[in-house]
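K.L.:
One file is attached below, work-v5.cif, containing mmCIF, C-alpha atoms and all ligand atoms.
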data_entry
loop_
_atom_site.label_atom_id
_atom_site.label_comp_id
_atom_site.auth_asym_id
_atom_site.auth_seq_id
_atom_site.Cartn_x
_atom_site.Cartn_y
_atom_site.Cartn_z
CA MET Q 1 -49.02 23.29 -30.53
CA THR Q 2 -49.96 20.11 -32.40
CA ALA Q 3 -49.16 19.22 -35.99
CA THR Q 4 -51.19 20.92 -38.71
CA THR Q 5 -52.01 19.67 -42.18
CA SER Q 6 -51.52 21.59 -45.41
CA ARG Q 7 -52.62 20.82 -48.94
CA GLU Q 8 -50.23 21.77 -51.76
CA TYR Q 9 -50.31 21.61 -55.55
CA HIS Q 10 -47.83 19.53 -57.52
CA LEU Q 11 -47.36 19.49 -61.28
CA VAL Q 12 -47.68 15.88 -62.45
CA ARG Q 13 -46.90 16.38 -66.16
CA ARG Q 14 -45.69 19.21 -68.34
CA PRO Q 15 -48.61 20.92 -70.13
CA VAL Q 16 -48.71 21.00 -73.91
CA GLY Q 17 -50.63 24.06 -75.09
CA LEU Q 18 -53.15 25.44 -72.63
CA PRO Q 19 -52.63 23.65 -69.27
CA ALA Q 20 -55.40 21.32 -68.05
CA THR Q 21 -56.52 20.72 -64.48
CA ALA Q 22 -55.27 17.12 -64.87
CA ASP Q 23 -51.72 18.52 -65.08
CA PHE Q 24 -51.99 19.28 -61.34
CA THR Q 25 -52.59 17.17 -58.26
CA VAL Q 26 -53.17 18.03 -54.60
CA VAL Q 27 -50.99 16.42 -51.94
CA THR Q 28 -51.67 16.71 -48.21
CA ARG Q 29 -48.75 16.94 -45.84
CA SER Q 30 -48.42 17.19 -42.10
CA LEU Q 31 -46.45 20.09 -40.65
CA PRO Q 32 -44.97 19.76 -37.14
CA ALA Q 33 -44.99 22.65 -34.67
CA PRO Q 34 -42.31 25.22 -35.55
CA ALA Q 35 -38.85 24.38 -34.21
CA SER Q 36 -36.61 27.01 -32.65
CA GLY Q 37 -36.06 29.79 -35.24
CA GLU Q 38 -39.13 28.82 -37.29
CA VAL Q 39 -42.61 30.21 -37.93
CA LEU Q 40 -45.77 28.50 -39.11
CA VAL Q 41 -47.64 30.59 -41.68
CA ARG Q 42 -51.17 29.95 -42.97
CA ASN Q 43 -51.67 31.45 -46.42
CA ARG Q 44 -54.66 33.71 -47.01
CA PHE Q 45 -54.10 34.74 -50.65
CA LEU Q 46 -52.26 32.87 -53.40
CA SER Q 47 -51.02 34.54 -56.57
CA VAL Q 48 -51.41 33.16 -60.07
CA ASP Q 49 -49.16 34.80 -62.66
CA PRO Q 50 -48.52 34.29 -66.37
CA TYR Q 51 -44.78 33.63 -65.82
CA MET Q 52 -45.73 30.38 -64.04
CA ARG Q 53 -46.68 28.93 -67.44
CA GLY Q 54 -43.06 29.33 -68.58
CA ARG Q 55 -41.83 27.50 -65.48
CA MET Q 56 -44.03 24.53 -66.36
CA MET Q 57 -41.85 23.84 -69.42
CA ASP Q 58 -38.55 22.03 -69.14
CA VAL Q 59 -36.52 24.72 -70.87
CA LYS Q 60 -33.56 26.83 -69.81
CA SER Q 61 -34.74 30.32 -68.88
CA TYR Q 62 -34.10 33.11 -66.40
CA VAL Q 63 -35.68 30.99 -63.66
CA PRO Q 64 -35.49 27.18 -63.26
CA PRO Q 65 -38.49 25.09 -64.36
CA PHE Q 66 -40.91 23.72 -61.76
CA ALA Q 67 -39.97 20.16 -60.78
CA LEU Q 68 -42.58 17.47 -61.41
CA ASN Q 69 -44.20 15.86 -58.35
CA ALA Q 70 -42.95 18.57 -56.02
CA PRO Q 71 -44.76 21.58 -54.54
CA LEU Q 72 -45.26 24.47 -56.94
CA ASP Q 73 -44.33 27.91 -55.67
CA GLY Q 74 -45.33 31.50 -56.25
CA GLY Q 75 -46.33 34.66 -54.44
CA ALA Q 76 -48.52 34.35 -51.33
CA VAL Q 77 -49.75 36.44 -48.43
CA GLY Q 78 -50.24 34.68 -45.11
CA ARG Q 79 -50.64 35.12 -41.38
CA VAL Q 80 -48.13 33.90 -38.80
CA GLU Q 81 -50.02 31.30 -36.76
CA ALA Q 82 -47.20 30.15 -34.47
CA SER Q 83 -43.76 31.62 -33.96
CA ASN Q 84 -40.51 30.37 -32.51
CA HIS Q 85 -38.66 33.14 -34.36
CA PRO Q 86 -37.50 36.36 -32.69
CA ASP Q 87 -38.45 38.58 -35.69
CA PHE Q 88 -42.04 37.38 -36.25
CA ALA Q 89 -45.04 37.45 -33.93
CA VAL Q 90 -48.32 35.59 -34.13
CA GLY Q 91 -50.70 37.69 -36.22
CA ASP Q 92 -48.03 39.24 -38.48
CA THR Q 93 -49.00 39.37 -42.16
CA VAL Q 94 -46.19 38.21 -44.43
CA VAL Q 95 -45.49 37.90 -48.14
CA SER Q 96 -43.51 34.91 -49.36
CA MET Q 97 -42.83 32.88 -52.48
CA LEU Q 98 -44.35 29.81 -50.78
CA GLY Q 99 -47.67 29.86 -52.62
CA TRP Q 100 -49.72 27.03 -54.19
CA ARG Q 101 -50.10 25.63 -50.62
CA GLU Q 102 -52.24 26.27 -47.58
CA ALA Q 103 -49.54 26.54 -44.91
CA TYR Q 104 -45.79 26.22 -44.45
CA LEU Q 105 -42.93 26.33 -41.99
CA SER Q 106 -40.20 28.90 -42.57
CA ASP Q 107 -36.94 29.96 -40.99
CA GLY Q 108 -37.86 33.53 -41.93
CA LYS Q 109 -35.64 33.81 -45.02
CA GLY Q 110 -37.61 35.38 -47.86
CA LEU Q 111 -40.51 36.41 -45.61
CA ILE Q 112 -41.45 40.08 -45.76
CA ARG Q 113 -43.71 41.58 -43.11
CA ILE Q 114 -46.16 44.01 -44.72
CA ASP Q 115 -47.93 47.15 -43.60
CA PRO Q 116 -51.60 46.12 -43.59
CA THR Q 117 -52.77 49.70 -42.97
CA LEU Q 118 -51.67 51.00 -46.40
CA ALA Q 119 -53.73 48.58 -48.48
CA PRO Q 120 -55.52 45.22 -48.17
CA PRO Q 121 -52.97 42.40 -47.84
CA GLN Q 122 -53.60 40.93 -51.27
CA ALA Q 123 -52.49 44.22 -52.86
CA TYR Q 124 -48.95 43.13 -51.97
CA LEU Q 125 -49.33 40.47 -54.69
CA GLY Q 126 -50.39 43.10 -57.22
CA THR Q 127 -50.05 46.86 -57.21
CA LEU Q 128 -47.70 46.90 -54.20
CA GLY Q 129 -45.93 43.70 -55.19
CA MET Q 130 -44.12 42.10 -58.10
CA PRO Q 131 -46.52 43.34 -60.83
CA GLY Q 132 -46.31 46.90 -59.49
CA LEU Q 133 -42.51 46.81 -59.44
CA THR Q 134 -42.59 45.39 -62.98
CA ALA Q 135 -44.59 48.39 -64.17
CA TYR Q 136 -42.31 50.82 -62.33
CA ALA Q 137 -38.98 49.34 -63.46
CA GLY Q 138 -40.22 48.78 -66.99
CA LEU Q 139 -41.40 52.36 -67.41
CA PHE Q 140 -38.58 54.22 -65.68
CA VAL Q 141 -35.47 52.03 -65.87
CA ILE Q 142 -36.05 50.33 -69.23
CA GLY Q 143 -38.41 52.74 -70.98
CA GLY Q 144 -37.00 56.05 -69.73
CA LEU Q 145 -40.53 57.47 -69.37
CA ARG Q 146 -40.71 61.24 -69.80
CA ASP Q 147 -43.53 63.65 -68.98
CA LYS Q 148 -46.25 64.24 -71.58
CA GLU Q 149 -45.27 61.36 -73.87
CA THR Q 150 -47.71 59.20 -75.82
CA VAL Q 151 -47.67 55.77 -74.20
CA LEU Q 152 -49.22 52.57 -75.60
CA VAL Q 153 -50.00 49.71 -73.20
CA SER Q 154 -51.15 46.22 -74.22
CA GLY Q 155 -52.72 43.85 -71.70
CA ALA Q 156 -53.64 47.13 -70.07
CA ALA Q 157 -56.27 45.84 -67.63
CA GLY Q 158 -54.03 43.17 -66.10
CA ALA Q 159 -52.08 43.46 -62.86
CA VAL Q 160 -49.07 45.09 -64.53
CA GLY Q 161 -50.92 47.01 -67.24
CA MET Q 162 -53.26 48.95 -64.96
CA VAL Q 163 -50.31 50.20 -62.91
CA VAL Q 164 -48.42 51.15 -66.09
CA CYS Q 165 -51.40 53.20 -67.27
CA GLN Q 166 -51.67 55.12 -64.00
CA ILE Q 167 -47.95 55.81 -63.56
CA ALA Q 168 -47.93 57.21 -67.09
CA LYS Q 169 -50.99 59.35 -66.30
CA ALA Q 170 -49.23 60.59 -63.14
CA ARG Q 171 -46.51 61.85 -65.54
CA ASP Q 172 -49.08 63.68 -67.69
CA CYS Q 173 -48.74 61.24 -70.56
CA ARG Q 174 -51.38 60.48 -73.18
CA VAL Q 175 -52.20 56.81 -72.57
CA ILE Q 176 -53.64 54.42 -75.14
CA ALA Q 177 -54.75 51.16 -73.54
CA VAL Q 178 -55.41 47.94 -75.45
CA VAL Q 179 -57.70 45.42 -73.71
CA GLY Q 180 -59.93 42.42 -74.44
CA SER Q 181 -63.34 43.61 -73.25
CA ASP Q 182 -65.52 46.71 -73.04
CA ASP Q 183 -65.82 46.29 -69.25
CA LYS Q 184 -62.06 46.47 -68.93
CA ALA Q 185 -61.95 49.51 -71.20
CA GLN Q 186 -64.59 51.26 -69.11
CA TRP Q 187 -62.70 50.57 -65.87
CA LEU Q 188 -59.51 52.03 -67.31
CA GLU Q 189 -61.30 55.14 -68.59
CA ARG Q 190 -63.26 55.70 -65.39
CA GLU Q 191 -60.75 54.70 -62.69
CA ALA Q 192 -57.33 55.00 -64.32
CA GLY Q 193 -58.09 58.05 -66.45
CA VAL Q 194 -56.60 56.64 -69.64
CA ASP Q 195 -57.18 58.77 -72.74
CA VAL Q 196 -58.12 56.12 -75.31
CA THR Q 197 -59.08 52.46 -74.97
CA ILE Q 198 -59.13 49.91 -77.77
CA ASN Q 199 -60.86 46.53 -77.49
CA TYR Q 200 -58.62 44.34 -79.66
CA ARG Q 201 -61.34 41.69 -79.92
CA THR Q 202 -63.80 44.04 -81.62
CA ALA Q 203 -61.56 46.65 -83.29
CA PRO Q 204 -61.62 45.93 -87.03
CA ASN Q 205 -57.91 46.74 -87.32
CA LEU Q 206 -55.70 47.15 -84.24
CA ARG Q 207 -52.93 48.97 -86.05
CA LYS Q 208 -55.32 51.52 -87.59
CA ALA Q 209 -57.07 52.03 -84.26
CA ILE Q 210 -53.76 52.84 -82.53
CA ALA Q 211 -52.69 55.10 -85.41
CA ALA Q 212 -55.99 57.00 -85.13
CA ALA Q 213 -55.45 57.43 -81.38
CA ALA Q 214 -51.84 58.59 -81.85
CA PRO Q 215 -51.72 60.58 -85.09
CA ASP Q 216 -48.14 61.72 -84.38
CA GLY Q 217 -47.04 58.23 -83.32
CA VAL Q 218 -46.27 56.50 -80.03
CA ASP Q 219 -43.21 57.47 -77.99
CA LEU Q 220 -43.15 54.52 -75.62
CA THR Q 221 -44.87 51.11 -75.81
CA PHE Q 222 -45.22 48.80 -72.81
CA GLU Q 223 -45.74 45.42 -74.46
CA ASN Q 224 -47.41 42.64 -72.46
CA VAL Q 225 -48.94 40.54 -75.23
CA GLY Q 226 -46.68 40.11 -78.31
CA GLY Q 227 -47.75 38.84 -81.74
CA ASP Q 228 -50.14 41.19 -83.56
CA HIS Q 229 -50.01 43.64 -80.66
CA LEU Q 230 -46.24 43.98 -80.92
CA GLU Q 231 -46.35 44.37 -84.69
CA ALA Q 232 -48.98 47.10 -84.29
CA ALA Q 233 -46.81 48.84 -81.69
CA ILE Q 234 -43.77 48.80 -83.94
CA ALA Q 235 -45.84 50.04 -86.87
CA THR Q 236 -47.24 52.97 -84.89
CA SER Q 237 -44.04 53.99 -83.08
CA LYS Q 238 -42.50 57.38 -83.74
CA THR Q 239 -39.02 57.66 -85.18
CA PHE Q 240 -36.65 56.94 -82.24
CA GLY Q 241 -39.58 55.43 -80.29
CA ARG Q 242 -38.97 52.91 -77.51
CA VAL Q 243 -40.65 49.53 -77.09
CA VAL Q 244 -40.37 47.83 -73.70
CA ILE Q 245 -40.97 44.08 -73.96
CA CYS Q 246 -42.42 43.03 -70.62
CA GLY Q 247 -44.38 39.95 -71.68
CA LEU Q 248 -45.68 37.92 -74.62
CA ILE Q 249 -48.71 36.27 -73.08
CA SER Q 250 -50.33 35.52 -76.46
CA GLN Q 251 -47.51 33.03 -77.10
CA TYR Q 252 -47.12 31.25 -73.74
CA ASN Q 253 -49.31 28.29 -74.72
CA ALA Q 254 -48.02 28.04 -78.31
CA THR Q 255 -47.27 24.49 -79.43
CA GLU Q 256 -45.07 25.57 -82.31
CA ALA Q 257 -42.69 28.48 -82.89
CA PRO Q 258 -44.76 31.66 -83.31
CA ALA Q 259 -44.57 33.64 -86.54
CA GLY Q 260 -41.81 36.23 -86.48
CA ILE Q 261 -42.24 39.99 -86.30
CA ARG Q 262 -43.04 40.81 -89.90
CA ASN Q 263 -42.17 44.51 -89.69
CA VAL Q 264 -38.62 44.32 -88.35
CA ARG Q 265 -37.80 46.77 -91.13
CA ASP Q 266 -39.66 49.46 -89.17
CA ILE Q 267 -37.26 48.92 -86.26
CA LEU Q 268 -34.42 49.78 -88.59
CA THR Q 269 -35.93 52.63 -90.52
CA LYS Q 270 -37.46 54.30 -87.45
CA ARG Q 271 -34.34 53.62 -85.34
CA LEU Q 272 -36.43 52.09 -82.56
CA THR Q 273 -35.09 50.87 -79.25
CA VAL Q 274 -36.70 47.52 -78.40
CA ARG Q 275 -35.64 46.14 -75.04
CA GLY Q 276 -36.81 43.25 -72.87
CA PHE Q 277 -36.42 43.00 -69.12
CA ILE Q 278 -37.08 40.77 -66.13
CA VAL Q 279 -38.31 42.35 -62.91
CA SER Q 280 -36.04 40.31 -60.64
CA ASP Q 281 -33.05 42.19 -62.10
CA HIS Q 282 -34.48 45.36 -60.56
CA ASN Q 283 -34.89 44.51 -56.90
CA ASP Q 284 -32.54 47.42 -56.14
CA ARG Q 285 -35.45 49.71 -57.13
CA ARG Q 286 -37.88 48.16 -54.63
CA ALA Q 287 -37.39 50.85 -51.97
CA ASP Q 288 -37.93 53.66 -54.51
CA PHE Q 289 -40.94 51.82 -55.87
CA LEU Q 290 -42.55 51.37 -52.44
CA ARG Q 291 -41.91 55.02 -51.57
CA ASP Q 292 -43.46 56.30 -54.81
CA MET Q 293 -46.29 53.78 -54.87
CA SER Q 294 -47.23 54.54 -51.24
CA GLY Q 295 -47.30 58.22 -52.15
CA TRP Q 296 -49.53 57.65 -55.19
CA ILE Q 297 -51.91 55.46 -53.16
CA LYS Q 298 -52.15 57.97 -50.31
CA ALA Q 299 -52.75 60.78 -52.83
CA GLY Q 300 -55.58 58.78 -54.44
CA ARG Q 301 -53.64 58.57 -57.72
CA MET Q 302 -53.42 54.79 -57.88
CA LYS Q 303 -56.54 52.62 -58.14
CA TRP Q 304 -56.73 48.92 -58.68
CA SER Q 305 -59.18 46.14 -59.22
CA GLU Q 306 -58.73 42.51 -58.24
CA THR Q 307 -60.35 39.33 -59.40
CA ILE Q 308 -60.67 37.12 -56.34
CA VAL Q 309 -61.41 33.42 -56.77
CA ASP Q 310 -62.50 31.69 -53.58
CA GLY Q 311 -61.18 28.29 -52.58
CA PHE Q 312 -57.92 26.36 -52.72
CA ASP Q 313 -59.58 23.84 -55.05
CA ARG Q 314 -59.97 26.56 -57.69
CA MET Q 315 -56.27 27.43 -57.99
CA PRO Q 316 -55.78 25.76 -61.42
CA GLU Q 317 -59.01 27.34 -62.70
CA ALA Q 318 -57.78 30.78 -61.62
CA PHE Q 319 -54.41 30.21 -63.27
CA LEU Q 320 -56.01 29.08 -66.54
CA GLY Q 321 -58.30 32.11 -66.48
CA LEU Q 322 -55.32 34.41 -67.08
CA PHE Q 323 -55.05 33.08 -70.63
CA SER Q 324 -58.63 33.87 -71.56
CA GLY Q 325 -58.82 37.28 -69.90
CA LYS Q 326 -61.00 36.25 -66.93
CA ASN Q 327 -59.30 38.82 -64.70
CA LEU Q 328 -59.69 42.56 -64.30
CA GLY Q 329 -56.50 43.48 -62.46
CA LYS Q 330 -54.63 41.04 -60.29
CA MET Q 331 -56.00 37.48 -60.14
CA VAL Q 332 -55.69 35.96 -56.65
CA VAL Q 333 -57.10 32.94 -54.90
CA ARG Q 334 -58.52 33.51 -51.41
CA LEU Q 335 -58.32 30.69 -48.92
CA GLY Q 336 -61.10 30.22 -46.39
N1 LIG Q 401 -40.81 40.89 -67.54
C1 LIG Q 401 -41.19 40.64 -66.29
O1 LIG Q 401 -40.40 40.59 -65.36
C2 LIG Q 401 -42.65 40.40 -66.02
C3 LIG Q 401 -43.18 40.45 -64.72
C4 LIG Q 401 -44.56 40.29 -64.55
C5 LIG Q 401 -45.38 40.06 -65.65
N2 LIG Q 401 -44.80 40.00 -66.88
C6 LIG Q 401 -45.62 39.79 -68.08
O2 LIG Q 401 -46.48 40.89 -68.18
C7 LIG Q 401 -47.67 40.49 -68.84
C8 LIG Q 401 -48.86 40.90 -67.98
O3 LIG Q 401 -48.76 40.23 -66.74
P1 LIG Q 401 -49.91 40.47 -65.66
O4 LIG Q 401 -49.51 39.80 -64.41
O5 LIG Q 401 -50.31 41.89 -65.68
O6 LIG Q 401 -51.09 39.66 -66.37
P2 LIG Q 401 -52.48 39.34 -65.83
O7 LIG Q 401 -52.96 40.25 -64.79
O8 LIG Q 401 -52.40 37.91 -65.49
O9 LIG Q 401 -53.39 39.54 -67.09
C9 LIG Q 401 -53.19 38.79 -68.22
C10 LIG Q 401 -54.09 39.39 -69.28
O10 LIG Q 401 -53.49 39.17 -70.53
C11 LIG Q 401 -54.49 39.20 -71.51
N3 LIG Q 401 -54.30 38.10 -72.44
C12 LIG Q 401 -54.23 36.78 -72.16
N4 LIG Q 401 -54.06 36.07 -73.28
C13 LIG Q 401 -54.04 36.97 -74.30
C14 LIG Q 401 -53.89 36.85 -75.71
N5 LIG Q 401 -53.75 35.67 -76.30
N6 LIG Q 401 -53.93 37.99 -76.44
C15 LIG Q 401 -54.07 39.19 -75.85
N7 LIG Q 401 -54.20 39.37 -74.53
C16 LIG Q 401 -54.19 38.26 -73.77
C17 LIG Q 401 -55.83 39.03 -70.80
O11 LIG Q 401 -56.53 40.27 -70.83
P3 LIG Q 401 -57.50 40.70 -72.06
O12 LIG Q 401 -58.90 40.43 -71.61
O13 LIG Q 401 -57.20 42.15 -72.18
O14 LIG Q 401 -57.11 39.89 -73.22
C18 LIG Q 401 -55.43 38.71 -69.38
O15 LIG Q 401 -56.38 39.18 -68.45
C19 LIG Q 401 -47.57 39.00 -69.07
O16 LIG Q 401 -47.11 38.79 -70.38
C20 LIG Q 401 -46.52 38.58 -68.08
O17 LIG Q 401 -45.86 37.41 -68.45
C21 LIG Q 401 -43.49 40.16 -67.09
#
Would it be possible to restate this file's structure as structure tokens?
Ligand SMILES: NC(=O)c1ccc[n+]([C@@H]2O[C@H](COP(=O)([O-])OP(=O)(O)OC[C@H]3O[C@@H](n4cnc5c(N)ncnc54)[C@H](OP(=O)(O)O)[C@@H]3O)[C@@H](O)[C@H]2O)c1
P.N.:
Amino acid sequence: MTATTSREYHLVRRPVGLPATADFTVVTRSLPAPASGEVLVRNRFLSVDPYMRGRMMDVKSYVPPFALNAPLDGGAVGRVEASNHPDFAVGDTVVSMLGWREAYLSDGKGLIRIDPTLAPPQAYLGTLGMPGLTAYAGLFVIGGLRDKETVLVSGAAGAVGMVVCQIAKARDCRVIAVVGSDDKAQWLEREAGVDVTINYRTAPNLRKAIAAAAPDGVDLTFENVGGDHLEAAIATSKTFGRVVICGLISQYNATEAPAGIRNVRDILTKRLTVRGFIVSDHNDRRADFLRDMSGWIKAGRMKWSETIVDGFDRMPEAFLGLFSGKNLGKMVVRLG
């Protein structure tokens, strides 16, 4: 086999505020044929995720920042094109963290072969992948979800949110979903069976809208957005309610410290439990998650939507789209 070329994205400067396409550049590299113990993988789907924005800043966090002028990484699904590795055959479909590039060589570490009969391969970047596990661990391990509770979900039509809504429905919960468009609301009502949807862009008062949907209060909030959404969740929680902080996407592009939570007093007086989490701390739940998720999918209890952007050149555009709600469900880039 001869050498192959692969384009990859590098970050050339750290974004301030909303990233710009000029923050990225494309570098072409030549990959030799796989050596003994290596595979060559050509990516078919690349993931863009909100957490990548955090990695573009040079700050200490739970994961190191992206280096400048070096390949970016992230979730990807690819096909083994050449193999000199005993555990992988040509044609295998694999998930890796070697995204933001067209192709790569690997010694097999970190590659996971997937079952392409259960769902389309790109679902392993969404419902069957990291976002799905985030929903599962956040609800059960952190949130202690119980049957028939009232559950509030912000960012409810994103990759994580739509799984949260449906797991909660599978546990007979009353689900209130907050989203940014009527199309997203309709999808969640029709496909995910949520009980109430609220479009935060058009609702005159988010807090009042949630209170009207949950007259006795919310037992469990799954918070993906932060800011006003989090304040509304705290305000509408029941006494002894729980608030799971999964994400704060409304603040990821902030150029100054965001305003604090103005109703901290409610946390005290209502004796709320507010707890953040990071999915990578819960990899021990992956087998349980895959078992339960496979069961829900086979039983027709788990639906999903994807927003597929075609073309390697459109990777930054897809990533930026996450911050203006361009996606219904998981946003992925499909390579030709
Ligand atoms: N803790 C963890 O380990 C972990 C793991 C994965 C994800 N997360 C977090 O979970 C959240 C959801 O992730 P995801 O992958 O499901 O997201 P996603 O599919 O990328 O969807 C993001 C959605 O967030 C909404 N949004 C963006 N900016 C907003 C703003 N300023 N105000 C309100 N809504 C806004 C948009 O929907 P609308 O049209 O509805 O506004 C957008 O479609 C993110 O905060 C992410 O960082 C955390």
K.L.:
In Å, rounded to a single decimal, give me how far CA of Asp107 in chain Q is from CA of Pro86 in chain Q.
P.N.:
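Computing the Euclidean distance for CA of Pro86 in chain Q and CA of Asp107 in chain Q yields 10.5 Å.
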K.L.:
Measuring atom to atom with only C-alpha atoms, identify which of Q:Met293, Q:Met130, Q:Cys173, Q:Val163 is nearest to Ser280 in chain Q.
P.N.:
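Distance minimum relative to Ser280 in chain Q lands on Q:Met130.
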K.L.:
Excluding same-chain residues fewer than 2 positions from Tyr200 in chain Q, what lies within 7 Å of it counting only C-alpha atoms, as a ChimeraX atom specification?
P.N.:
/Q:178-180,198,202-203,206
K.L.:
With distances taken over only C-alpha atoms, which of Q:Val274, Q:Ala159, Q:Val153, Q:Ala257 is nearest to Ile210 in chain Q?
P.N.:
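The closest residue to Ile210 in chain Q is Q:Val153.
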K.L.:
Please return as a ChimeraX atom specification the residues found within 7 Å of ligand LIG 401 (chain Q), counting all atoms listed in the file.
P.N.:
/Q:49-51,130-131,134,155-161,178-181,224-225,246-251,277-280,322-331
K.L.:
Choose the residue, out of Q:Ala254, Q:Val26, Q:Leu152, Q:Ala211, that has the smallest atom-to-atom separation from Glu223 in chain Q; count only C-alpha atoms.
P.N.:
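Ranked by minimum distance to Glu223 in chain Q, first place goes to Q:Leu152.
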